[in-house]
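Q: Shown below is the structure under consideration.
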Amino acid sequence: MQTGLITYVVREVIVGAVYAPIWWYTRGLLEAFKTLAKWFRAYARSLAIGVWMKNLFVPMYGQRDWQSRIISVFFRTIVICGKSIVLLIWACTLGGLFVLYLTLPIAALYMITYHFYG
Amino acid sequence: MDDLGKIFEEKGVLIDGVFWYVKEGFGSGARRMRKIAHVLNRLIDAVGIIVFLSMSVGAYFALPSDRSFPVLTEPHPFYGWIGIALLSLCYLVYRRRYAASKQLRLPMTYEHLELASPNGGSVMSKTRSIEAILTADAKAAIEEAQKTAEEAKHAAVNDIHLFVGLLTSTDVHTVFMRLGIEFTQIQDAVTRRLWAEEAGQTIFGSYAKGVLADAVRSSVEAHQASVSGIEIFSAVYVSSNFLQDIFDSIGVTKTDIECVIDWVRVNERLRSRYEDFRTAAMYKPTKNMDRAMTAVATPFLDKVSHDLTRSAVRGALPFLVGREREMENLLRSIEGGRQSIVLVGERGVGKEAIVAGLAELMVEERVPVVLQDKRLVVLDIPVIVSSAGGNGAEERLLYAMREVAMTGNVVVVIPNIDQLVGTERGVDLAAVLASELDKGYTFAICTTTTSGYSAKIERSVLGSKLATIAVDEPDDILAIRVIQSQIGAIENTHKVVFTYQSVRALVELSRRYIHESFLPEKAITLAREVALKKGKTAKDWVRVAVEDIAELITEKTHIPVEATKEEEKALLLNLEERMHGRVIGQEEAVKAVAAALRRARADLRSDGRPIANFLFLGPTGVGKTELAKTTAEAYFGSEDAMIRFDMSEYQESTSVYKLIGDTGNGGLLTESVRKRPFAIVLLDELEKAHPDILNLFLQVMDDGRLTDGAGRTIDFTNVILVATSNAGSAYIQDAVKRGDSSAVMKEHLLEEELKGVYRPEFLNRFDGVMVFKPLSEEDVIAITYLMLRKVTARLEIKGIQFRASDDAVYALAKKGYDPKFGARPLRRVIQDDVDTAIADVLLREDVKRRDTIVLEQDGVHLERAETL
């Protein structure tokens with residue numbers, strides 16, 4: 001019992017502390033990537049750019065005369081561009097978060113060593 | 001033996017090559033370790049948070065005095081502190097995520113799941129611990145079980161310990177609550193069982209491990225990620241004869257337990273389905289526009305319809321339970337060729353629920369491509385038809401359909417499509433709709449009743465355009481599941497709790513006694529009514545008992561549904577005595593009728609037939625009708641519960657229609673029974689009816705139902721059918737004179753006398769053929785006394801007393817008895833000789849209250865009361 005307890009504490013605290021950086025850049029990294037990808041997909045789904053692309057030449061609001069068709073294609077292109085830009089901004093934000101995840105422990109370590117001992 | 005070999009010996013489950021078994025156990029050591037681990041984890045988290053906070057504070061105080069941020073490129077302790085704070089933050093994130101990743105989940109592979117109990121030596125790539133997939137609630141329950149066994153120093157954790165441990169689980173609380181039972185009811189037996197357990201050093205042995213393995217197996221089969229308390233309870237119950245017996249002893253059968261466990265599981269599944277649905281609903285547009293914006297505004301359609309997909313997104317529609325076959329047919333028909341569909345089923349069986357289920361699938365986009373990104377819109381036919389007396393209905397329907405064509409993202413639902421056919425003023429909307437559907441720009445999902453379909457749709461132009469999908473009334477189990485999924489809302493509204501027994505009673509009693517509507521709707525309506533009634537009786541939460549439901553049904557149908565109470569039991573046992581209070585003689589007939597009534601009230605009669613079918617044979621005036629009346633009073637509570645037909649009025653074959661009606665007109669028999677399903681149907685002088693009518697009753701006696709002229713099925717299972725017949729009267733009189741026994745008489749009657757009158761298969765359908773014997777002199781005297789009692793009762797109301805001397809009674813009996821007409825002339829004799837004489841006295845003399853009128857052989861006298 002006593003040994004079990006000591007083993008447990010050692011495993012949780014010391015091994016845990018050693019394992020943490022390994023986890024951060026292996027399984028943790030994968031998990032973070034998956035989470036960000038999920039957020040990206042959810043937003044992309046709600047923007048429905050794919051649906052707009054597929055219907056690029058389908059007239060909007062059921063207006064099937066040729067003038068409306070031209071206007072429709074033009075307007076759809078603008079909307080698709082607008083939506084793509086919004087999605088790109090979102091992708092950049094998520095990319096930034098990913099970079100932050102990657103650099104955070106290194107940056108923290110650097111700050112400690114440089115600013116205390118540098 | 002190596003470690004792997006030891007594992008092979010363990011009880012467990014092999015799921016897709018991974019062996020799940022009890023690894024650490026639940027002993028005091030393991031429990032303590034888990035507790036310490038819990039505390040330690042909290043402690044480490046707390047240290048992490050403290051470090052993070054203190055470093056942040058340290059960084060703040062390390063700022064220069066003017067609180068400006070130092071240059072990053074030059075060493076400054078402020079950034080050092082920030083660095084430590086960030087590092088501790090990373091550590092906290094790691095711990096949280098790492099702990100979450102350690103929480104195992106059962107594989108949710110829906111297909112190709114290899115599930116087996118391992119046989120030693122099978123290939124196992126991995127092992128996993130069952131402890132890691134128990135919910136917190138389940139783990140606490142198992143630990144409690146182990147603790148109970150350890151404290152009592154029992155050799156092993158057995159069924160009884162697991163059961164006691166599981167009493168802490170919320171799932172098991174729900175089971176008890178839904179069964180309407182308390183632990184105290186079984187406490188003594190449980191304690192006795194605990195005492196009887198074998199003593200020793202407690203182990204979590206192969207029985208307990210086997211139970212957990214079974215629970216894992218059923219959780220995987222139910223597609224659950226973890227093992228909850230209910231699964232363990234189910235596994236313990238199935239494996240333990242003792243638990244099955246103990247529940248059985250308090251009236252809870254195995255089926256009851258299984259159904260309640262299923263109820264808990266279904267609710268859990270509905271909850272997770274609801275969460276998935278909410279996520280999916282976020283992506284469904286709630287405006288008229290589709291995602292690609294190809295749709296058009298539909299202002300007119302919006303006025304004459306409502307959007308079902310929008311209601312589904314709002315969460316306003318109930319989840320569809322069951323009906324997988326119908327939904328599959330529906331989707332297949334649509335996918336196959338944009339085929340319009342009509343759901344055909346009785347009112348209330350769940351046609352609208354299927355349409356609502358389709359709306360939900362459309363919200364989740366789990367539908368064929370042709371239905372994706374579409375709206376499901378219900379046309380309000382009454383709105384289209386009603387305004388200005390139906391004028392312009394055709395145009396309005398066309399206009400709405402044109403908008404459907406233009407917008408392209410609408411699928412139309414037309415409820416009760418039979419309303420469209422043959423509308424007045426020569427407008428046939430069905431033809432309009434048929435031609436629009438022919439154009440192929442859309443398809444429609446319609447609903448109608450069985451009679452509506454056969455009467456109006458089948459042979460109309462629409463009939464060929466619509467593929468039918470039959471929606472049958474659900475069986476009891478499905479109906480119970482539907483109610484279980486919807487009862488929560490009713491319970492919360494009225495602050496009542498339905499037990500499993502009461503839900504079952506809702507379904508069973510409404511199926512048996514309410515015939516105008518169909519399941520599950522009639523049971524849900526009944527649930528609402530009983531909840532409203534019961535909810536008013538108490539301020540706090542109150543339990544609905546089976547008796548409450550029975551009482552409500554009795555109120556609605558006048559049928560004594562409630563379980564036989566003590567006083568009623570006594571009445572039933574003394575039924576013959578009570579009946580003899582009105583019917584003199586005829587011991588055998590009374591006995592047979594009383595026995596049939598007792599069988600019916602004790603619920604031992606066969607379903608699907610009338611309560612009883614009797615044939616009363618005998619000469620006129622011997623008490624046949626009187627016995628029928630007495631039966632009505634004894635069983636149905638009132639003499640009025642009798643539907644009487646003089647069959648001499650039905651001598652033509654065409655008179656069948658008088659009884660069952662034809663299109664548009666209700667039949668005398670069918671309508672009376674429909675309105676009063678619980679009554680005696682008395683067919684007087686049956687031998688005079690046309691043989692075709694006898695055939696009609698063959699079906700009633702056999703199946704307990706009759707289809708009327710309008711195609712409705714009328715239920716006869718709650719009637720007592722009594723036919724009286726004078727056929728063979730002459731023989732009976734002769735036989736009685738000869739002194740033949742009843743058995744001989746009955747045999748002769750059936751073999752000889754009735755042969756020419758009724759067909760043998762007709763006579764065979766009767767539960768009892770009772771021979772009424774001619775009345776003896778004593779019988780007539782007794783009847784005279786009985787009739788005079790009525791005279792006494794009439795005078796009592798006026799405060800006047802009445803007495804008759806025995807001589808006078810004998811004289812009346814003699815005068816009133818006629819061997820041909822039985823006691824029938826007696827009524828007239830009493831009317832002439834007694835009633836008239838009393839009336840004379842009342843008019844002639846000044847009769848006061850408390851005076852007595854005395855009937856003597858020579859006439860009626862008045863006896864003055866003593867002056868006060």
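Please note that chains go A, B, ... in the order of the structure tokens, that every chain numbers its residues from 1, and that ligands are numbered from 1 in the order shown.
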Which residues of chain A come within 8 Å of chain B, and what is each one's closest atom pair and distance in Å (one decimal), counting only C-alpha atoms, sorted by chain and residue number, as a tab-separated table?

A:
```
residue	atom	partner	partner_atom	distance
A:Met1	CA	B:Gly29	CA	6.9
A:Leu5	CA	B:Met33	CA	7.1
A:Tyr8	CA	B:Ala37	CA	7.7
A:Val9	CA	B:Leu40	CA	7.7
A:Val13	CA	B:Ile44	CA	7.8
A:Ala17	CA	B:Tyr91	CA	7.9
A:Ala20	CA	B:Tyr94	CA	6.4
A:Trp23	CA	B:Tyr94	CA	7.6
A:Trp24	CA	B:Tyr94	CA	6.9
A:Gly28	CA	B:Tyr94	CA	7.6
A:Arg45	CA	B:Tyr283	CA	7.6
A:Ser46	CA	B:Tyr283	CA	5.9
A:Ala48	CA	B:Arg291	CA	7.1
A:Val51	CA	B:Ala292	CA	5.8
A:Trp52	CA	B:Ala292	CA	5.4
A:Asn55	CA	B:Ala292	CA	6.4
A:Val58	CA	B:Thr294	CA	7.0
A:Pro59	CA	B:Thr294	CA	6.3
A:Met60	CA	B:Thr294	CA	4.4
A:Tyr61	CA	B:Val296	CA	4.5
A:Gly62	CA	B:Val296	CA	5.6
A:Leu104	CA	B:Leu86	CA	7.5
A:Pro105	CA	B:Leu87	CA	6.0
A:Ala107	CA	B:Gly83	CA	7.4
A:Ala108	CA	B:Gly83	CA	4.1
A:Leu109	CA	B:Gly83	CA	6.4
A:Tyr110	CA	B:Gly83	CA	7.7
A:Met111	CA	B:Gly83	CA	5.1
A:Ile112	CA	B:Gly80	CA	4.3
A:Thr113	CA	B:Gly80	CA	7.4
A:Tyr114	CA	B:Pro75	CA	6.2
A:His115	CA	B:Pro75	CA	4.1
A:Phe116	CA	B:Gly80	CA	5.6
A:Tyr117	CA	B:Pro75	CA	7.9
A:Gly118	CA	B:Pro75	CA	6.0
```

Q: Show which residues sit within 10 Å of Gly711 (chain B), as a PyMOL selection string. Count only C-alpha atoms, and ignore same-chain residues fewer than 6 positions away.

A: chain B and resi 450-451+454-455+660-663

Q: Taking 5 positions as the minimum chain separation for residues in the same chain, which residues sit within 9 Å of Tyr237 (chain B) when counting only C-alpha atoms? Answer as a VMD selection string.

A: chain B and resid 159 163 232 242 to 244 254 257

Q: Just the residues within 12 Å of Arg511 (chain B), please, counting only C-alpha atoms, with nothing from its chain fewer than 6 positions along; format it as a ChimeraX atom specification.

A: /B:473-476,479-480,504-505,517-524,526,553,607,715,717

Q: List as an MDAnalysis selection string the protein and nucleic acid residues near region 299-315 of chain B, meaning an atom at most 8 Å away when only C-alpha atoms are counted, but skip any in the same chain fewer than 3 places from it.

A: chainID B and resid 278 281:282 284 286:287 318 356 359:360 362:363 375:381 383:384 399:401 403:404

Q: Export N, CA and C atoms of the chosen residues as a PDB file, in the first residue's frame?

A:
```pdb
ATOM      1  N   ARG B 278     -29.579  19.092 -31.746  1.00  0.00           N
ATOM      2  CA  ARG B 278     -29.382  20.535 -31.540  1.00  0.00           C
ATOM      3  C   ARG B 278     -28.180  21.019 -32.343  1.00  0.00           C
ATOM      4  N   ALA B 281     -29.131  21.105 -35.919  1.00  0.00           N
ATOM      5  CA  ALA B 281     -30.146  22.125 -36.204  1.00  0.00           C
ATOM      6  C   ALA B 281     -29.521  23.512 -36.376  1.00  0.00           C
ATOM      7  N   MET B 282     -28.302  23.716 -35.816  1.00  0.00           N
ATOM      8  CA  MET B 282     -27.655  25.024 -35.941  1.00  0.00           C
ATOM      9  C   MET B 282     -27.392  25.375 -37.402  1.00  0.00           C
ATOM     10  N   LYS B 284     -29.270  24.403 -40.058  1.00  0.00           N
ATOM     11  CA  LYS B 284     -30.452  24.394 -40.927  1.00  0.00           C
ATOM     12  C   LYS B 284     -31.019  25.811 -41.028  1.00  0.00           C
ATOM     13  N   THR B 286     -33.523  28.775 -41.135  1.00  0.00           N
ATOM     14  CA  THR B 286     -34.884  28.844 -40.592  1.00  0.00           C
ATOM     15  C   THR B 286     -35.747  29.844 -41.356  1.00  0.00           C
ATOM     16  N   LYS B 287     -35.164  30.473 -42.350  1.00  0.00           N
ATOM     17  CA  LYS B 287     -35.969  31.364 -43.200  1.00  0.00           C
ATOM     18  C   LYS B 287     -36.467  30.534 -44.403  1.00  0.00           C
ATOM     19  N   PRO B 318     -42.214  16.450 -31.334  1.00  0.00           N
ATOM     20  CA  PRO B 318     -41.744  15.319 -30.521  1.00  0.00           C
ATOM     21  C   PRO B 318     -40.903  14.375 -31.372  1.00  0.00           C
ATOM     22  N   ALA B 356     -43.469  14.342 -38.835  1.00  0.00           N
ATOM     23  CA  ALA B 356     -42.594  15.146 -37.978  1.00  0.00           C
ATOM     24  C   ALA B 356     -41.201  14.524 -37.912  1.00  0.00           C
ATOM     25  N   ALA B 359     -39.355  15.536 -40.872  1.00  0.00           N
ATOM     26  CA  ALA B 359     -38.876  16.922 -40.732  1.00  0.00           C
ATOM     27  C   ALA B 359     -37.582  16.948 -39.927  1.00  0.00           C
ATOM     28  N   GLU B 360     -37.519  16.128 -38.879  1.00  0.00           N
ATOM     29  CA  GLU B 360     -36.303  16.086 -38.056  1.00  0.00           C
ATOM     30  C   GLU B 360     -35.117  15.547 -38.854  1.00  0.00           C
ATOM     31  N   MET B 362     -34.781  15.804 -41.962  1.00  0.00           N
ATOM     32  CA  MET B 362     -34.409  16.846 -42.936  1.00  0.00           C
ATOM     33  C   MET B 362     -33.560  17.928 -42.272  1.00  0.00           C
ATOM     34  N   VAL B 363     -33.877  18.223 -41.004  1.00  0.00           N
ATOM     35  CA  VAL B 363     -33.073  19.208 -40.271  1.00  0.00           C
ATOM     36  C   VAL B 363     -31.644  18.700 -40.128  1.00  0.00           C
ATOM     37  N   ARG B 375     -37.483  22.498 -47.509  1.00  0.00           N
ATOM     38  CA  ARG B 375     -38.401  22.751 -46.391  1.00  0.00           C
ATOM     39  C   ARG B 375     -39.584  21.790 -46.496  1.00  0.00           C
ATOM     40  N   LEU B 376     -40.078  21.337 -45.348  1.00  0.00           N
ATOM     41  CA  LEU B 376     -41.265  20.486 -45.343  1.00  0.00           C
ATOM     42  C   LEU B 376     -42.428  21.371 -44.874  1.00  0.00           C
ATOM     43  N   VAL B 377     -43.368  21.592 -45.784  1.00  0.00           N
ATOM     44  CA  VAL B 377     -44.403  22.583 -45.509  1.00  0.00           C
ATOM     45  C   VAL B 377     -45.778  21.907 -45.501  1.00  0.00           C
ATOM     46  N   VAL B 378     -46.539  22.158 -44.431  1.00  0.00           N
ATOM     47  CA  VAL B 378     -47.866  21.537 -44.307  1.00  0.00           C
ATOM     48  C   VAL B 378     -48.930  22.487 -44.841  1.00  0.00           C
ATOM     49  N   LEU B 379     -49.649  22.061 -45.871  1.00  0.00           N
ATOM     50  CA  LEU B 379     -50.739  22.891 -46.408  1.00  0.00           C
ATOM     51  C   LEU B 379     -51.938  22.807 -45.468  1.00  0.00           C
ATOM     52  N   ASP B 380     -52.494  23.974 -45.119  1.00  0.00           N
ATOM     53  CA  ASP B 380     -53.710  23.967 -44.289  1.00  0.00           C
ATOM     54  C   ASP B 380     -54.919  23.923 -45.210  1.00  0.00           C
ATOM     55  N   ILE B 381     -55.389  22.731 -45.483  1.00  0.00           N
ATOM     56  CA  ILE B 381     -56.504  22.582 -46.437  1.00  0.00           C
ATOM     57  C   ILE B 381     -57.743  23.372 -45.998  1.00  0.00           C
ATOM     58  N   VAL B 383     -57.926  26.157 -44.564  1.00  0.00           N
ATOM     59  CA  VAL B 383     -57.735  27.571 -44.908  1.00  0.00           C
ATOM     60  C   VAL B 383     -57.953  27.759 -46.405  1.00  0.00           C
ATOM     61  N   ILE B 384     -57.480  26.810 -47.200  1.00  0.00           N
ATOM     62  CA  ILE B 384     -57.654  26.913 -48.661  1.00  0.00           C
ATOM     63  C   ILE B 384     -59.127  26.774 -49.032  1.00  0.00           C
ATOM     64  N   TYR B 399     -52.523  28.393 -56.906  1.00  0.00           N
ATOM     65  CA  TYR B 399     -51.583  29.472 -56.624  1.00  0.00           C
ATOM     66  C   TYR B 399     -50.497  28.990 -55.656  1.00  0.00           C
ATOM     67  N   ALA B 400     -50.941  28.291 -54.625  1.00  0.00           N
ATOM     68  CA  ALA B 400     -49.982  27.762 -53.642  1.00  0.00           C
ATOM     69  C   ALA B 400     -49.026  26.784 -54.322  1.00  0.00           C
ATOM     70  N   MET B 401     -49.579  25.920 -55.193  1.00  0.00           N
ATOM     71  CA  MET B 401     -48.739  24.928 -55.865  1.00  0.00           C
ATOM     72  C   MET B 401     -47.776  25.609 -56.847  1.00  0.00           C
ATOM     73  N   GLU B 403     -46.421  28.498 -56.410  1.00  0.00           N
ATOM     74  CA  GLU B 403     -45.305  29.014 -55.601  1.00  0.00           C
ATOM     75  C   GLU B 403     -44.352  27.889 -55.214  1.00  0.00           C
ATOM     76  N   VAL B 404     -44.921  26.728 -54.948  1.00  0.00           N
ATOM     77  CA  VAL B 404     -44.085  25.551 -54.647  1.00  0.00           C
ATOM     78  C   VAL B 404     -43.184  25.257 -55.843  1.00  0.00           C
TER      79      VAL B 404
END
```

Q: Please identify all polymer residues within 10 Å of Tyr43 (chain A), counting only C-alpha atoms, omitting same-chain residues fewer than 5 positions from it, and present them as a list in words.

A: Ala37, Lys38, Ala48, Val86, Leu87, Trp90 and Ala91 of chain A; Tyr283 of chain B

Q: Using only C-alpha atoms, which of B:Ile559, B:Ile203, B:Leu775, B:Ile414 sits nearest Gly27 (chain B)?

A: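 Using only C-alpha atoms, the shortest distance to Gly27 (chain B) belongs to B:Ile203.
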
Q: In terms of the shortest atom-to-atom distance over only C-alpha atoms, which of B:Glu131, B:Asp45, B:Asp137, B:Glu221 is closest to Lys102 (chain B)?

A: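 Ranked by minimum distance to Lys102 (chain B), first place goes to B:Glu131.
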
Q: Write out as a ChimeraX atom specification the set of residues from region 49-84 of chain B that DSSP, computed on the backbone, places in alpha helix (DSSP H).

A: /B:49-62,77-84

Q: Select, from B:Ala730, B:Val260, B:Ala710, B:Val51, the residue with the minimum atom-to-atom distance to Gly666 (chain B), counting only C-alpha atoms.

A: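 Nearest to Gly666 (chain B): B:Ala710.
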
Q: I need the residue nearest Leu106 (chain B) from this list: B:Val13, B:Met787, B:Val71, B:Ala138. Use only C-alpha atoms for the distance.

A: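 Looking at the shortest contact to Leu106 (chain B), the residue is B:Val13.
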
Q: Using only C-alpha atoms, pick whichever of A:Leu30, A:Phe57, A:Phe40, A:Thr77 has the shortest atom-to-atom distance to Ile89 (chain A).

A: A:Phe40

Q: Nearest to Gly50 (chain A): which of A:Ile22, A:Ile80, A:Val73, A:Leu36 is it, counting only C-alpha atoms?

A: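 Of A:Ile22, A:Ile80, A:Val73, A:Leu36, the one nearest Gly50 (chain A) is A:Ile80, counting only C-alpha atoms.
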
Q: Using backbone DSSP assignments, extract all strand (DSSP E or B) residues from region 664-860 of chain B; output them as JSON, numbers by chain.

A: {"B": [665, 666, 680, 681, 682, 683, 684, 705, 706, 707, 713, 714, 715, 720, 721, 722, 723, 724, 725, 768, 769, 770, 771, 801, 802, 803, 804, 818, 822, 852, 853, 854, 855, 856, 859, 860]}

Q: Go ahead and write the residues just picked, N, CA and C atoms, as a short mmCIF file (atom, residue, chain, number, x, y, z; two decimals), in the first residue's frame.

A:
```
data_model
loop_
_atom_site.label_atom_id
_atom_site.label_comp_id
_atom_site.auth_asym_id
_atom_site.auth_seq_id
_atom_site.Cartn_x
_atom_site.Cartn_y
_atom_site.Cartn_z
N ASN B 665 -76.30 5.84 -42.90
CA ASN B 665 -77.20 5.64 -41.76
C ASN B 665 -76.62 4.63 -40.78
N GLY B 666 -76.67 4.99 -39.53
CA GLY B 666 -76.18 4.07 -38.50
C GLY B 666 -77.20 2.97 -38.26
N ILE B 680 -76.12 -5.13 -21.68
CA ILE B 680 -76.69 -6.41 -22.10
C ILE B 680 -77.42 -6.20 -23.42
N VAL B 681 -77.13 -7.04 -24.39
CA VAL B 681 -77.89 -6.97 -25.63
C VAL B 681 -78.90 -8.11 -25.55
N LEU B 682 -80.16 -7.72 -25.45
CA LEU B 682 -81.21 -8.73 -25.27
C LEU B 682 -81.96 -8.92 -26.59
N LEU B 683 -81.95 -10.12 -27.11
CA LEU B 683 -82.63 -10.42 -28.36
C LEU B 683 -83.84 -11.28 -28.02
N ASP B 684 -85.00 -10.61 -27.96
CA ASP B 684 -86.22 -11.31 -27.56
C ASP B 684 -86.79 -12.12 -28.71
N ARG B 705 -66.99 -8.69 -32.49
CA ARG B 705 -67.07 -7.42 -33.22
C ARG B 705 -67.95 -7.57 -34.44
N LEU B 706 -68.36 -6.41 -34.94
CA LEU B 706 -69.28 -6.39 -36.07
C LEU B 706 -68.94 -5.15 -36.89
N THR B 707 -68.91 -5.29 -38.20
CA THR B 707 -68.63 -4.11 -39.03
C THR B 707 -69.94 -3.52 -39.47
N THR B 713 -65.70 -0.77 -37.32
CA THR B 713 -65.78 -2.01 -36.56
C THR B 713 -66.30 -1.68 -35.17
N ILE B 714 -67.38 -2.32 -34.81
CA ILE B 714 -67.97 -2.06 -33.50
C ILE B 714 -67.56 -3.19 -32.57
N ASP B 715 -67.15 -2.78 -31.37
CA ASP B 715 -66.64 -3.76 -30.41
C ASP B 715 -67.78 -4.32 -29.56
N ILE B 720 -72.94 -8.45 -22.77
CA ILE B 720 -73.42 -9.79 -22.49
C ILE B 720 -74.58 -10.01 -23.47
N LEU B 721 -74.46 -11.02 -24.29
CA LEU B 721 -75.49 -11.25 -25.29
C LEU B 721 -76.48 -12.27 -24.74
N VAL B 722 -77.72 -11.84 -24.64
CA VAL B 722 -78.75 -12.77 -24.14
C VAL B 722 -79.82 -12.91 -25.21
N ALA B 723 -80.06 -14.12 -25.65
CA ALA B 723 -81.15 -14.35 -26.60
C ALA B 723 -82.22 -15.15 -25.88
N THR B 724 -83.48 -14.75 -26.04
CA THR B 724 -84.53 -15.55 -25.43
C THR B 724 -85.32 -16.21 -26.56
N SER B 725 -85.87 -17.36 -26.24
CA SER B 725 -86.59 -18.07 -27.28
C SER B 725 -87.70 -18.91 -26.65
N GLY B 768 -73.92 -20.73 -22.60
CA GLY B 768 -74.85 -21.48 -21.78
C GLY B 768 -76.23 -21.44 -22.41
N VAL B 769 -76.88 -22.60 -22.48
CA VAL B 769 -78.29 -22.63 -22.90
C VAL B 769 -79.06 -22.96 -21.63
N MET B 770 -79.86 -22.00 -21.16
CA MET B 770 -80.56 -22.21 -19.89
C MET B 770 -82.03 -22.50 -20.14
N VAL B 771 -82.47 -23.57 -19.57
CA VAL B 771 -83.88 -23.93 -19.72
C VAL B 771 -84.66 -23.36 -18.53
N GLN B 801 -98.58 2.90 5.20
CA GLN B 801 -98.08 1.53 5.28
C GLN B 801 -99.04 0.56 4.58
N PHE B 802 -98.47 -0.60 4.19
CA PHE B 802 -99.29 -1.57 3.46
C PHE B 802 -99.01 -2.97 3.99
N ARG B 803 -100.07 -3.75 4.10
CA ARG B 803 -99.91 -5.11 4.58
C ARG B 803 -100.89 -5.99 3.82
N ALA B 804 -100.46 -7.22 3.54
CA ALA B 804 -101.38 -8.14 2.84
C ALA B 804 -101.44 -9.44 3.61
N ASP B 818 -101.34 -18.47 -15.00
CA ASP B 818 -101.89 -19.13 -16.17
C ASP B 818 -100.78 -20.04 -16.70
N GLY B 822 -97.49 -18.11 -17.82
CA GLY B 822 -96.63 -18.00 -16.65
C GLY B 822 -97.16 -16.96 -15.69
N THR B 852 -102.50 2.53 7.79
CA THR B 852 -102.10 1.30 7.11
C THR B 852 -103.24 0.81 6.21
N ILE B 853 -102.86 0.46 4.98
CA ILE B 853 -103.86 -0.14 4.09
C ILE B 853 -103.65 -1.65 4.16
N VAL B 854 -104.73 -2.37 4.42
CA VAL B 854 -104.60 -3.82 4.58
C VAL B 854 -105.34 -4.52 3.44
N LEU B 855 -104.62 -5.48 2.83
CA LEU B 855 -105.24 -6.26 1.75
C LEU B 855 -105.70 -7.59 2.32
N GLU B 856 -107.03 -7.77 2.29
CA GLU B 856 -107.59 -9.04 2.75
C GLU B 856 -108.20 -9.74 1.53
N GLY B 859 -111.07 -7.79 0.11
CA GLY B 859 -110.83 -6.44 -0.42
C GLY B 859 -109.83 -5.66 0.42
N VAL B 860 -109.84 -4.34 0.18
CA VAL B 860 -108.85 -3.48 0.84
C VAL B 860 -109.50 -2.68 1.95
#
```

Q: Go ahead and compute the interatomic distance for CA of Gln419 (chain B) and CA of Glu352 (chain B), in Å to one decimal.

A: 16.1 Å
